[in-house]
>>> print(open('coords_35.txt').read())   # compact mmCIF, C-alpha atoms and all ligand atoms
# COMPACT_ATOMS: atom_id res chain seq x y z
CA MET A 21 -38.38 -48.69 -76.92
CA GLU A 22 -39.04 -48.39 -80.62
CA LEU A 23 -42.51 -48.75 -82.13
CA VAL A 24 -42.27 -50.67 -85.42
CA HIS A 25 -45.08 -50.99 -87.95
CA THR A 26 -43.52 -52.76 -90.93
CA VAL A 27 -42.37 -56.35 -91.40
CA GLU A 28 -39.18 -55.32 -93.18
CA TRP A 29 -38.12 -52.85 -90.49
CA MET A 30 -38.79 -55.42 -87.76
CA ARG A 31 -36.90 -58.13 -89.63
CA GLN A 32 -33.85 -55.88 -90.09
CA ALA A 33 -33.87 -54.62 -86.49
CA ALA A 34 -34.04 -58.19 -85.14
CA ARG A 35 -31.34 -59.37 -87.55
CA GLN A 36 -29.04 -56.55 -86.48
CA ALA A 37 -29.65 -57.32 -82.81
CA ARG A 38 -28.77 -60.98 -83.41
CA GLU A 39 -25.65 -60.04 -85.37
CA GLU A 40 -24.55 -57.85 -82.47
CA GLY A 41 -24.81 -60.89 -80.21
CA ALA A 42 -28.15 -60.17 -78.55
CA ILE A 43 -30.35 -62.99 -77.28
CA VAL A 44 -33.67 -62.05 -78.80
CA GLY A 45 -36.97 -62.88 -77.09
CA LEU A 46 -40.44 -62.57 -78.63
CA VAL A 47 -43.76 -62.16 -76.82
CA PRO A 48 -46.66 -62.43 -79.28
CA THR A 49 -49.91 -60.81 -78.12
CA MET A 50 -53.12 -59.31 -79.42
CA GLY A 51 -52.71 -56.28 -77.15
CA ALA A 52 -55.12 -54.90 -74.53
CA LEU A 53 -52.27 -55.90 -72.25
CA HIS A 54 -52.92 -57.00 -68.68
CA ALA A 55 -50.77 -58.44 -65.90
CA GLY A 56 -50.85 -61.88 -67.57
CA HIS A 57 -49.21 -60.52 -70.71
CA LEU A 58 -46.79 -58.47 -68.63
CA SER A 59 -45.66 -61.60 -66.78
CA LEU A 60 -44.59 -63.05 -70.15
CA VAL A 61 -42.77 -59.80 -70.96
CA ARG A 62 -40.98 -59.90 -67.60
CA ALA A 63 -39.95 -63.52 -68.16
CA ALA A 64 -38.62 -62.59 -71.61
CA CYS A 65 -36.73 -59.55 -70.28
CA ALA A 66 -35.18 -61.66 -67.51
CA ALA A 67 -33.82 -64.26 -69.96
CA CYS A 68 -33.14 -62.27 -73.13
CA SER A 69 -31.08 -59.19 -73.88
CA ASN A 70 -33.39 -57.85 -76.60
CA VAL A 71 -37.16 -58.29 -76.31
CA VAL A 72 -39.76 -57.81 -79.02
CA VAL A 73 -43.42 -57.61 -78.00
CA SER A 74 -45.83 -57.95 -80.89
CA ILE A 75 -49.34 -56.55 -80.81
CA PHE A 76 -51.53 -57.77 -83.62
CA VAL A 77 -55.24 -58.51 -83.48
CA ASN A 78 -55.01 -61.37 -85.93
CA PRO A 79 -58.17 -61.52 -88.06
CA THR A 80 -57.58 -65.08 -89.28
CA GLN A 81 -57.83 -66.59 -85.79
CA PHE A 82 -61.35 -65.27 -85.20
CA ALA A 83 -64.02 -67.70 -86.31
CA PRO A 84 -66.98 -66.32 -88.30
CA GLY A 85 -69.29 -64.31 -86.04
CA GLU A 86 -66.69 -63.85 -83.29
CA ASP A 87 -65.60 -60.56 -81.71
CA TYR A 88 -62.86 -59.45 -84.15
CA SER A 89 -64.26 -55.98 -84.77
CA ARG A 90 -65.01 -55.21 -81.12
CA TYR A 91 -61.85 -56.81 -79.68
CA PRO A 92 -60.22 -54.14 -77.43
CA ARG A 93 -57.44 -52.13 -79.10
CA THR A 94 -55.44 -50.01 -76.64
CA LEU A 95 -52.07 -49.36 -78.29
CA ASP A 96 -51.19 -46.19 -76.33
CA ALA A 97 -51.84 -47.85 -72.96
CA ASP A 98 -50.01 -51.01 -74.10
CA ARG A 99 -47.02 -48.97 -75.12
CA ALA A 100 -46.94 -47.23 -71.74
CA ALA A 101 -47.26 -50.59 -69.94
CA VAL A 102 -44.33 -52.35 -71.63
CA ALA A 103 -41.86 -49.45 -72.04
CA PRO A 104 -40.66 -49.48 -68.39
CA LEU A 105 -40.09 -53.25 -68.44
CA GLY A 106 -37.04 -53.05 -70.72
CA VAL A 107 -38.69 -54.01 -74.02
CA HIS A 108 -36.67 -52.94 -77.08
CA TYR A 109 -39.26 -53.19 -79.84
CA LEU A 110 -43.04 -53.00 -79.88
CA PHE A 111 -44.07 -54.51 -83.21
CA ALA A 112 -47.60 -53.41 -84.14
CA PRO A 113 -48.15 -54.03 -87.86
CA PRO A 114 -51.37 -53.08 -89.60
CA VAL A 115 -53.42 -55.95 -91.05
CA GLU A 116 -52.32 -55.24 -94.67
CA GLU A 117 -48.69 -55.52 -93.59
CA MET A 118 -49.17 -59.06 -92.26
CA TYR A 119 -51.78 -60.08 -94.84
CA PRO A 120 -51.19 -58.30 -98.16
CA PRO A 121 -53.93 -58.88 -100.75
CA SER A 122 -52.05 -61.77 -102.38
CA PHE A 123 -51.55 -63.65 -99.10
CA SER A 124 -52.39 -67.33 -99.64
CA THR A 125 -50.33 -69.56 -97.34
CA SER A 126 -51.38 -71.09 -94.05
CA VAL A 127 -50.07 -73.73 -91.69
CA VAL A 128 -52.12 -76.37 -89.89
CA VAL A 129 -50.93 -78.52 -86.99
CA GLU A 130 -53.08 -81.56 -87.59
CA GLY A 131 -54.79 -83.57 -84.87
CA LEU A 132 -54.12 -81.26 -81.95
CA SER A 133 -55.89 -78.39 -83.75
CA GLU A 134 -59.10 -80.33 -84.23
CA ARG A 135 -60.03 -80.82 -80.58
CA PHE A 136 -61.64 -78.55 -77.96
CA GLU A 137 -60.83 -74.93 -78.92
CA GLY A 138 -60.38 -76.03 -82.52
CA ARG A 139 -63.76 -77.74 -82.64
CA SER A 140 -65.54 -74.78 -81.04
CA ARG A 141 -63.72 -72.16 -83.12
CA PRO A 142 -63.32 -73.42 -86.72
CA GLY A 143 -60.11 -72.14 -88.31
CA HIS A 144 -58.85 -70.65 -85.05
CA PHE A 145 -55.64 -72.65 -84.74
CA ARG A 146 -54.89 -72.37 -88.45
CA GLY A 147 -54.91 -68.60 -87.94
CA VAL A 148 -52.86 -68.79 -84.75
CA ALA A 149 -50.22 -71.14 -86.16
CA THR A 150 -49.89 -69.12 -89.36
CA VAL A 151 -49.44 -65.76 -87.65
CA VAL A 152 -47.06 -67.15 -85.01
CA LEU A 153 -44.97 -68.85 -87.70
CA LYS A 154 -44.80 -65.54 -89.57
CA LEU A 155 -43.79 -63.64 -86.41
CA LEU A 156 -41.12 -66.25 -85.60
CA GLU A 157 -39.80 -65.97 -89.16
CA ILE A 158 -39.64 -62.17 -88.97
CA VAL A 159 -37.91 -62.01 -85.58
CA HIS A 160 -36.03 -65.37 -85.37
CA PRO A 161 -36.01 -65.20 -81.56
CA SER A 162 -33.98 -67.52 -79.36
CA ALA A 163 -37.15 -67.95 -77.31
CA ALA A 164 -40.83 -67.08 -77.67
CA TYR A 165 -43.10 -66.74 -74.64
CA PHE A 166 -46.67 -68.01 -74.30
CA GLY A 167 -49.14 -68.38 -71.43
CA ARG A 168 -50.44 -71.69 -70.06
CA LYS A 169 -53.78 -69.90 -69.91
CA ASP A 170 -54.10 -70.95 -73.59
CA ALA A 171 -52.65 -74.40 -72.99
CA GLN A 172 -53.82 -75.98 -76.24
CA GLN A 173 -52.42 -73.07 -78.23
CA ALA A 174 -49.04 -73.36 -76.46
CA ARG A 175 -48.99 -77.11 -77.15
CA ILE A 176 -49.76 -76.53 -80.84
CA ILE A 177 -47.07 -73.86 -81.19
CA ARG A 178 -44.55 -76.15 -79.53
CA GLN A 179 -45.49 -78.95 -81.96
CA MET A 180 -45.16 -76.60 -84.93
CA ALA A 181 -41.77 -75.33 -83.72
CA SER A 182 -40.55 -78.90 -83.36
CA ASP A 183 -42.04 -80.21 -86.64
CA LEU A 184 -40.69 -77.32 -88.70
CA ALA A 185 -37.34 -77.13 -86.84
CA LEU A 186 -37.90 -73.44 -86.21
CA GLY A 187 -34.99 -73.15 -83.80
CA SER A 188 -36.83 -70.97 -81.27
CA GLU A 189 -37.42 -72.30 -77.77
CA ILE A 190 -41.10 -72.17 -76.82
CA VAL A 191 -41.45 -71.08 -73.19
CA VAL A 192 -44.78 -71.57 -71.43
CA CYS A 193 -45.44 -69.29 -68.43
CA PRO A 194 -47.87 -69.70 -65.49
CA ILE A 195 -51.43 -68.35 -65.48
CA VAL A 196 -51.87 -64.95 -63.80
CA ARG A 197 -55.17 -64.65 -61.92
CA GLU A 198 -57.26 -62.00 -60.21
CA PRO A 199 -57.33 -62.25 -56.39
CA ASP A 200 -60.64 -64.18 -56.65
CA GLY A 201 -59.11 -66.71 -59.05
CA LEU A 202 -60.44 -65.49 -62.40
CA ALA A 203 -57.73 -65.91 -65.04
CA LEU A 204 -56.80 -62.54 -66.54
CA SER A 205 -58.04 -62.19 -70.10
CA SER A 206 -58.54 -59.26 -72.46
CA ARG A 207 -62.11 -60.54 -72.87
CA ASN A 208 -62.87 -60.04 -69.15
CA SER A 209 -63.54 -56.39 -70.09
CA TYR A 210 -66.74 -57.56 -71.83
CA LEU A 211 -68.23 -58.78 -68.53
CA ASP A 212 -70.77 -56.64 -66.65
CA GLY A 213 -70.88 -56.70 -62.84
CA ARG A 214 -73.09 -59.79 -62.48
CA GLU A 215 -71.17 -61.66 -65.16
CA ARG A 216 -67.84 -60.77 -63.58
CA ALA A 217 -69.01 -62.31 -60.30
CA ALA A 218 -70.32 -65.39 -62.12
CA ALA A 219 -67.08 -65.80 -64.10
CA THR A 220 -65.24 -67.07 -61.01
CA VAL A 221 -67.14 -70.33 -61.53
CA LEU A 222 -64.44 -71.51 -63.97
CA HIS A 223 -61.79 -71.21 -61.31
CA ARG A 224 -64.10 -72.68 -58.66
CA ALA A 225 -64.81 -75.71 -60.87
CA LEU A 226 -61.08 -76.32 -61.38
CA ALA A 227 -60.35 -75.79 -57.68
CA THR A 228 -62.85 -78.57 -56.91
CA VAL A 229 -60.98 -80.89 -59.26
CA ARG A 230 -57.71 -79.98 -57.56
CA GLU A 231 -59.21 -80.76 -54.16
CA ARG A 232 -60.54 -84.15 -55.30
CA VAL A 233 -57.26 -85.10 -57.03
CA GLU A 234 -55.23 -84.05 -54.00
CA GLY A 235 -57.64 -86.14 -51.92
CA GLY A 236 -56.67 -89.20 -53.95
CA GLU A 237 -59.26 -89.39 -56.78
CA ARG A 238 -57.66 -90.61 -60.00
CA ARG A 239 -60.72 -91.55 -62.07
CA ALA A 240 -61.46 -88.88 -64.66
CA ALA A 241 -65.23 -89.52 -64.85
CA PRO A 242 -66.19 -88.30 -61.34
CA LEU A 243 -63.78 -85.36 -61.69
CA VAL A 244 -65.37 -84.28 -64.96
CA GLU A 245 -68.84 -84.76 -63.50
CA GLU A 246 -67.93 -82.57 -60.52
CA MET A 247 -66.56 -79.87 -62.83
CA ARG A 248 -69.70 -79.89 -64.93
CA ARG A 249 -71.96 -79.84 -61.86
CA LYS A 250 -70.15 -76.80 -60.52
CA LEU A 251 -70.50 -74.98 -63.85
CA ALA A 252 -74.15 -75.97 -64.22
CA GLY A 253 -74.82 -74.48 -60.77
CA GLU A 254 -74.03 -71.00 -62.09
CA PRO A 255 -77.10 -69.67 -63.93
CA LEU A 256 -75.12 -67.21 -66.08
CA ALA A 257 -72.68 -69.89 -67.28
CA ALA A 258 -73.19 -72.11 -70.33
CA ILE A 259 -70.62 -74.86 -70.60
CA ASP A 260 -68.82 -75.43 -73.91
CA TYR A 261 -66.49 -78.23 -72.81
CA ALA A 262 -65.02 -79.61 -69.58
CA GLU A 263 -62.63 -82.56 -69.74
CA ILE A 264 -59.53 -84.11 -68.27
CA VAL A 265 -57.00 -84.59 -71.06
CA ASN A 266 -53.52 -85.88 -71.63
CA GLY A 267 -51.29 -82.78 -71.64
CA ASP A 268 -49.43 -83.96 -74.70
CA THR A 269 -52.19 -85.21 -76.98
CA PHE A 270 -55.25 -83.37 -75.62
CA GLU A 271 -57.10 -86.71 -75.81
CA PRO A 272 -59.51 -87.27 -72.91
CA VAL A 273 -58.14 -89.69 -70.31
CA THR A 274 -59.98 -92.16 -68.08
CA THR A 275 -57.36 -92.04 -65.32
CA VAL A 276 -55.16 -89.21 -64.10
CA ARG A 277 -51.60 -90.34 -64.81
CA GLY A 278 -48.47 -88.48 -65.93
CA SER A 279 -49.07 -84.96 -67.30
CA CYS A 280 -52.76 -84.08 -67.52
CA LEU A 281 -54.87 -80.96 -67.76
CA ALA A 282 -58.40 -80.25 -66.64
CA VAL A 283 -59.57 -77.97 -69.46
CA LEU A 284 -62.79 -76.04 -69.66
CA ALA A 285 -64.49 -73.34 -71.68
CA ALA A 286 -67.77 -71.66 -70.85
CA PHE A 287 -69.88 -68.74 -71.96
CA ILE A 288 -70.63 -66.21 -69.26
CA GLY A 289 -73.45 -64.33 -70.94
CA SER A 290 -72.09 -63.85 -74.45
CA THR A 291 -68.41 -63.88 -73.40
CA ARG A 292 -66.50 -67.09 -73.93
CA LEU A 293 -63.84 -67.77 -71.30
CA LEU A 294 -61.40 -70.62 -70.86
CA ASP A 295 -59.23 -71.90 -68.07
CA ASN A 296 -57.29 -74.98 -67.07
CA LEU A 297 -55.65 -76.82 -64.20
CA SER A 298 -52.32 -78.60 -64.66
CA ILE A 299 -52.14 -82.00 -62.93
CA GLU A 300 -48.74 -83.67 -62.79
CA GLU A 301 -48.85 -87.24 -61.47
CA CYS A 302 -45.69 -89.24 -60.84
CA ASN A 303 -45.57 -92.54 -58.94
CA GLY A 304 -48.88 -91.79 -57.23
CA ARG A 305 -47.94 -88.28 -56.12
CA VAL A 306 -49.69 -85.31 -57.71
CA THR A 307 -48.91 -81.62 -58.10
CA CYS A 308 -51.86 -79.49 -59.19
CA THR A 309 -51.25 -75.97 -60.50
CA LEU A 310 -54.05 -73.54 -61.17
P1 LIG B 401 -53.56 -62.88 -76.34
O1 LIG B 401 -53.26 -61.42 -76.35
O2 LIG B 401 -54.87 -63.23 -75.72
O3 LIG B 401 -53.34 -63.53 -77.69
O4 LIG B 401 -52.48 -63.54 -75.38
C1 LIG B 401 -51.10 -63.37 -75.63
C2 LIG B 401 -50.33 -64.31 -74.73
O5 LIG B 401 -50.60 -63.99 -73.37
C3 LIG B 401 -50.74 -65.77 -74.93
O6 LIG B 401 -49.58 -66.58 -74.92
C4 LIG B 401 -51.62 -66.04 -73.73
O7 LIG B 401 -51.63 -67.38 -73.33
C5 LIG B 401 -50.95 -65.17 -72.68
N1 LIG B 401 -51.89 -64.88 -71.60
C6 LIG B 401 -53.16 -64.42 -71.71
N2 LIG B 401 -53.75 -64.35 -70.49
C7 LIG B 401 -52.83 -64.79 -69.60
C8 LIG B 401 -52.83 -64.95 -68.18
N3 LIG B 401 -53.90 -64.67 -67.44
N4 LIG B 401 -51.71 -65.41 -67.59
C9 LIG B 401 -50.61 -65.71 -68.33
N5 LIG B 401 -50.54 -65.58 -69.67
C10 LIG B 401 -51.63 -65.12 -70.30
>>> encode(input="coords_35.txt", output="structure tokens", more="lines below")
Ligand code: AMP
Amino acid sequence: MELVHTVEWMRQAARQAREEGAIVGLVPTMGALHAGHLSLVRAACAACSNVVVSIFVNPTQFAPGEDYSRYPRTLDADRAAVAPLGVHYLFAPPVEEMYPPSFSTSVVVEGLSERFEGRSRPGHFRGVATVVLKLLEIVHPSAAYFGRKDAQQARIIRQMASDLALGSEIVVCPIVREPDGLALSSRNSYLDGRERAAATVLHRALATVRERVEGGERRAAPLVEEMRRKLAGEPLAAIDYAEIVNGDTFEPVTTVRGSCLAVLAAFIGSTRLLDNLSIEECNGRVTCTL
């Protein structure tokens, strides 16, 4: 596995791999890799013959006052974690390489970027879309891998890839969880012991929705109320949003039908966590996936 720090080197290496007939896969991350990230890397390695993992703590996707400076940076451990999986390139550019002083272009996926995560984190999706577009342009992968953990982000990237005819398939992988249900996240490392125990409330709230939906409830209002009640019952949790949305538009729904998501974000102490439940309804039958 080769560690690459410059855009030009990465671009040339990926171009050469493509010219030699490789199927190139890209896994964009901000590092501090955990089993959730590694599941994306494994999926990429299973389907592609040349895999690039990028590690870049992207400053433009942090809203003012967020945790950019204290976000965990663990390049040596990340390198050791991905090397045995068959990754060819670890692309870890410094900030000036991705954003030289004259940098002045950004991309916005309108509509989808304004709701939920976008409303709570101004500028977040502009930063995400811009850096992902740049990474896709550098690597030109056949496929790029994202986690359903960040469902709105994955939806926005898919929209951007379609709108701009980027030619890379956007693959969305399942959420990897701790044994007690907490979705793995680099930000879980901020939680102290009490907060870590309290953080399972996100999963518990979604599991309640799953139970009610599997029991036949299709009205969104009582499901949302149940989710909120569960979150409110945890003293260390402060709810940001909890909704049932259409999986395509991220508009709140009144009835569970077709592809929906129960989405929620909450602060546990000062750490903001998010999670979601996929609800697929077809002809009255539902499949819920946490
Ligand atoms: P991040 O490093 O937080 O930007 O995440 C990089 C990629 O890993 C994104 O596509 C995330 O959705 C994905 N990811 C993060 N946590 C998980 C998880 N618990 N399970 C699956 N994918 C995840």
>>> closest_atom_pairs(input="coords_35.txt", of="chain A", to="ligand LIG 401 (chain B)", cutoff="8 Å", atoms="only C-alpha atoms and all ligand atoms", output="CSV")
residue,atom,partner,partner_atom,distance
A:Val47,CA,B:LIG401,C2,7.2
A:Pro48,CA,B:LIG401,C1,5.8
A:Thr49,CA,B:LIG401,C1,3.8
A:Met50,CA,B:LIG401,O1,3.7
A:Gly51,CA,B:LIG401,O1,5.2
A:Ala52,CA,B:LIG401,O1,7.0
A:Leu53,CA,B:LIG401,O1,6.9
A:His54,CA,B:LIG401,N2,7.6
A:Ala55,CA,B:LIG401,N3,7.1
A:Gly56,CA,B:LIG401,N4,3.6
A:His57,CA,B:LIG401,O5,4.6
A:Ser59,CA,B:LIG401,C9,6.6
A:Leu60,CA,B:LIG401,N5,6.5
A:Ile75,CA,B:LIG401,O1,7.7
A:Val77,CA,B:LIG401,O3,7.9
A:Tyr165,CA,B:LIG401,O6,6.5
A:Phe166,CA,B:LIG401,O6,3.3
A:Gly167,CA,B:LIG401,O7,3.3
A:Arg168,CA,B:LIG401,O7,5.5
A:Lys169,CA,B:LIG401,O7,4.8
A:Asp170,CA,B:LIG401,O7,4.3
A:Ala171,CA,B:LIG401,O7,7.1
A:Gln173,CA,B:LIG401,O7,7.6
A:Ala174,CA,B:LIG401,O6,7.0
A:Val192,CA,B:LIG401,O6,7.8
A:Cys193,CA,B:LIG401,C9,6.3
A:Pro194,CA,B:LIG401,C9,5.6
A:Ile195,CA,B:LIG401,N4,3.6
A:Val196,CA,B:LIG401,N4,3.8
A:Arg197,CA,B:LIG401,N3,5.7
A:Ala203,CA,B:LIG401,N3,4.7
A:Leu204,CA,B:LIG401,N3,3.7
A:Ser205,CA,B:LIG401,N2,4.8
A:Ser206,CA,B:LIG401,O2,6.3
>>> residues_near_point(input="coords_35.txt", point="(-59.4, -75.8, -75.3)", cutoff="8 Å", atoms="only C-alpha atoms", output="PyMOL selection string")
chain A and resi 135-138+170-172+261+283-285+294
>>> closest_residue(input="coords_35.txt", among="A:Ala83, A:Met118, A:Val276, A:Leu153", to="Ala185 of chain A", atoms="all atoms listed in the file")
A:Leu153
>>> closest_atom_pairs(input="coords_35.txt", of="segment 134-225 of chain A", to="segment 241-250 of chain A", cutoff="8 Å", atoms="all atoms listed in the file", output="tab-separated table")
residue	atom	partner	partner_atom	distance
A:Val221	CA	A:Lys250	CA	7.2
A:Arg224	CA	A:Lys250	CA	7.6
A:Ala225	CA	A:Met247	CA	4.9
>>> residues_around(input="coords_35.txt", residues="Tyr88 of chain A", least_positions_apart="6", cutoff="10 Å", atoms="all atoms listed in the file", output="PDB file with C-alpha atoms, in the frame of the given file")
ATOM      1  CA  VAL A  77     -55.240 -58.510 -83.480  1.00  0.00           C
ATOM      2  CA  ASN A  78     -55.010 -61.370 -85.930  1.00  0.00           C
ATOM      3  CA  PRO A  79     -58.170 -61.520 -88.060  1.00  0.00           C
ATOM      4  CA  THR A  80     -57.580 -65.080 -89.280  1.00  0.00           C
ATOM      5  CA  GLN A  81     -57.830 -66.590 -85.790  1.00  0.00           C
ATOM      6  CA  PHE A  82     -61.350 -65.270 -85.200  1.00  0.00           C
TER       7      PHE A  82
END
>>> closest_residue(input="coords_35.txt", among="A:Glu215, A:Glu263, A:Glu198, A:Glu301", to="Ala282 of chain A", atoms="only C-alpha atoms")
A:Glu263
>>> residues_around(input="coords_35.txt", residues="Leu46 of chain A", least_positions_apart="4", cutoff="9 Å", atoms="only C-alpha atoms", output="list of chain:residue names")
A:Val61, A:Ala64, A:Asn70, A:Val71, A:Val72, A:Val73, A:Ser74, A:Leu155, A:Leu156, A:Val159, A:His160, A:Pro161, A:Ser162, A:Ala163, A:Ala164, A:Tyr165
>>> residues_near_point(input="coords_35.txt", point="(-26.7, -64.4, -82.7)", cutoff="12 Å", atoms="only C-alpha atoms", output="list in words")
Ala34, Arg35, Gln36, Ala37, Arg38, Glu39, Glu40, Gly41, Ala42, Ile43, Val44, Gly45, Cys68, Ser69, Asn70, Val159, His160, Pro161 and Ser162 of chain A
>>> atom_distance(input="coords_35.txt", atom1="atom CA of Asp98 of chain A", atom2="atom CA of Met21 of chain A")
12.2 Å
>>> closest_atom_pairs(input="coords_35.txt", of="segment 44-148 of chain A", to="segment 26-31 of chain A", cutoff="8 Å", atoms="all atoms listed in the file", output="CSV")
residue,atom,partner,partner_atom,distance
A:Phe111,CA,A:Met30,CA,7.0
A:Ala112,CA,A:Thr26,CA,7.9
A:Pro113,CA,A:Thr26,CA,5.7
A:Pro114,CA,A:Thr26,CA,8.0
A:Glu117,CA,A:Thr26,CA,6.4
A:Met118,CA,A:Val27,CA,7.4
>>> axis_aligned_box(input="coords_35.txt", around="segment 116-129 of chain A", padding_each_side="4 Å", output="lines of an AutoDock Vina configuration file")
center_x = -51.3
center_y = -66.9
center_z = -94.7
size_x = 13.2
size_y = 31.3
size_z = 23.4
>>> atom_distance(input="coords_35.txt", atom1="atom CA of Arg238 of chain A", atom2="atom CA of Val273 of chain A")
10.4 Å
>>> residues_around(input="coords_35.txt", residues="Ala227 of chain A", least_positions_apart="3", cutoff="10 Å", atoms="all atoms listed in the file", output="count of residues only")
15
>>> atom_distance(input="coords_35.txt", atom1="atom CA of Glu189 of chain A", atom2="atom CA of Ile158 of chain A")
15.3 Å
>>> closest_residue(input="coords_35.txt", among="A:Leu58, A:Arg139, A:Cys65, A:Ala149", to="Arg99 of chain A", atoms="only C-alpha atoms")
A:Leu58
>>> build_atoms(input="coords_35.txt", residues="segment 276-292 of chain A", atoms="N, CA, C and O atoms", output="mmCIF file, keeping the file's coordinate frame")
data_model
loop_
_atom_site.group_PDB
_atom_site.id
_atom_site.type_symbol
_atom_site.label_atom_id
_atom_site.label_comp_id
_atom_site.auth_asym_id
_atom_site.auth_seq_id
_atom_site.Cartn_x
_atom_site.Cartn_y
_atom_site.Cartn_z
ATOM 1 N N VAL A 276 -56.192 -90.249 -64.216
ATOM 2 C CA VAL A 276 -55.160 -89.210 -64.100
ATOM 3 C C VAL A 276 -53.808 -89.898 -63.900
ATOM 4 O O VAL A 276 -53.588 -90.580 -62.898
ATOM 5 N N ARG A 277 -52.931 -89.736 -64.875
ATOM 6 C CA ARG A 277 -51.600 -90.340 -64.810
ATOM 7 C C ARG A 277 -50.645 -89.505 -65.655
ATOM 8 O O ARG A 277 -51.015 -89.041 -66.727
ATOM 9 N N GLY A 278 -49.433 -89.286 -65.176
ATOM 10 C CA GLY A 278 -48.470 -88.480 -65.930
ATOM 11 C C GLY A 278 -48.911 -87.012 -65.981
ATOM 12 O O GLY A 278 -49.440 -86.483 -65.007
ATOM 13 N N SER A 279 -48.696 -86.380 -67.144
ATOM 14 C CA SER A 279 -49.070 -84.960 -67.300
ATOM 15 C C SER A 279 -50.483 -84.853 -67.851
ATOM 16 O O SER A 279 -50.749 -85.281 -68.973
ATOM 17 N N CYS A 280 -51.380 -84.274 -67.062
ATOM 18 C CA CYS A 280 -52.760 -84.080 -67.520
ATOM 19 C C CYS A 280 -53.167 -82.629 -67.322
ATOM 20 O O CYS A 280 -52.505 -81.875 -66.606
ATOM 21 N N LEU A 281 -54.273 -82.283 -67.953
ATOM 22 C CA LEU A 281 -54.870 -80.960 -67.760
ATOM 23 C C LEU A 281 -56.366 -81.136 -67.587
ATOM 24 O O LEU A 281 -56.976 -81.942 -68.307
ATOM 25 N N ALA A 282 -56.939 -80.407 -66.647
ATOM 26 C CA ALA A 282 -58.400 -80.250 -66.640
ATOM 27 C C ALA A 282 -58.653 -78.987 -67.446
ATOM 28 O O ALA A 282 -58.155 -77.914 -67.095
ATOM 29 N N VAL A 283 -59.349 -79.135 -68.576
ATOM 30 C CA VAL A 283 -59.570 -77.970 -69.460
ATOM 31 C C VAL A 283 -61.060 -77.654 -69.481
ATOM 32 O O VAL A 283 -61.898 -78.556 -69.471
ATOM 33 N N LEU A 284 -61.379 -76.381 -69.506
ATOM 34 C CA LEU A 284 -62.790 -76.040 -69.660
ATOM 35 C C LEU A 284 -62.964 -74.701 -70.363
ATOM 36 O O LEU A 284 -62.094 -73.833 -70.317
ATOM 37 N N ALA A 285 -64.095 -74.594 -71.039
ATOM 38 C CA ALA A 285 -64.490 -73.340 -71.680
ATOM 39 C C ALA A 285 -65.971 -73.157 -71.413
ATOM 40 O O ALA A 285 -66.741 -74.120 -71.429
ATOM 41 N N ALA A 286 -66.356 -71.924 -71.128
ATOM 42 C CA ALA A 286 -67.770 -71.660 -70.850
ATOM 43 C C ALA A 286 -68.113 -70.247 -71.296
ATOM 44 O O ALA A 286 -67.251 -69.357 -71.294
ATOM 45 N N PHE A 287 -69.366 -70.083 -71.697
ATOM 46 C CA PHE A 287 -69.880 -68.740 -71.960
ATOM 47 C C PHE A 287 -70.408 -68.172 -70.649
ATOM 48 O O PHE A 287 -71.152 -68.846 -69.936
ATOM 49 N N ILE A 288 -70.012 -66.939 -70.361
ATOM 50 C CA ILE A 288 -70.630 -66.210 -69.260
ATOM 51 C C ILE A 288 -71.385 -65.087 -69.966
ATOM 52 O O ILE A 288 -70.767 -64.159 -70.496
ATOM 53 N N GLY A 289 -72.702 -65.201 -70.039
ATOM 54 C CA GLY A 289 -73.450 -64.330 -70.940
ATOM 55 C C GLY A 289 -72.989 -64.630 -72.352
ATOM 56 O O GLY A 289 -72.955 -65.797 -72.768
ATOM 57 N N SER A 290 -72.546 -63.592 -73.083
ATOM 58 C CA SER A 290 -72.090 -63.850 -74.450
ATOM 59 C C SER A 290 -70.562 -63.928 -74.540
ATOM 60 O O SER A 290 -70.009 -64.025 -75.632
ATOM 61 N N THR A 291 -69.877 -63.876 -73.394
ATOM 62 C CA THR A 291 -68.410 -63.880 -73.400
ATOM 63 C C THR A 291 -67.884 -65.289 -73.152
ATOM 64 O O THR A 291 -68.233 -65.925 -72.160
ATOM 65 N N ARG A 292 -67.042 -65.737 -74.060
ATOM 66 C CA ARG A 292 -66.500 -67.090 -73.930
ATOM 67 C C ARG A 292 -65.158 -67.022 -73.206
ATOM 68 O O ARG A 292 -64.243 -66.318 -73.629
#
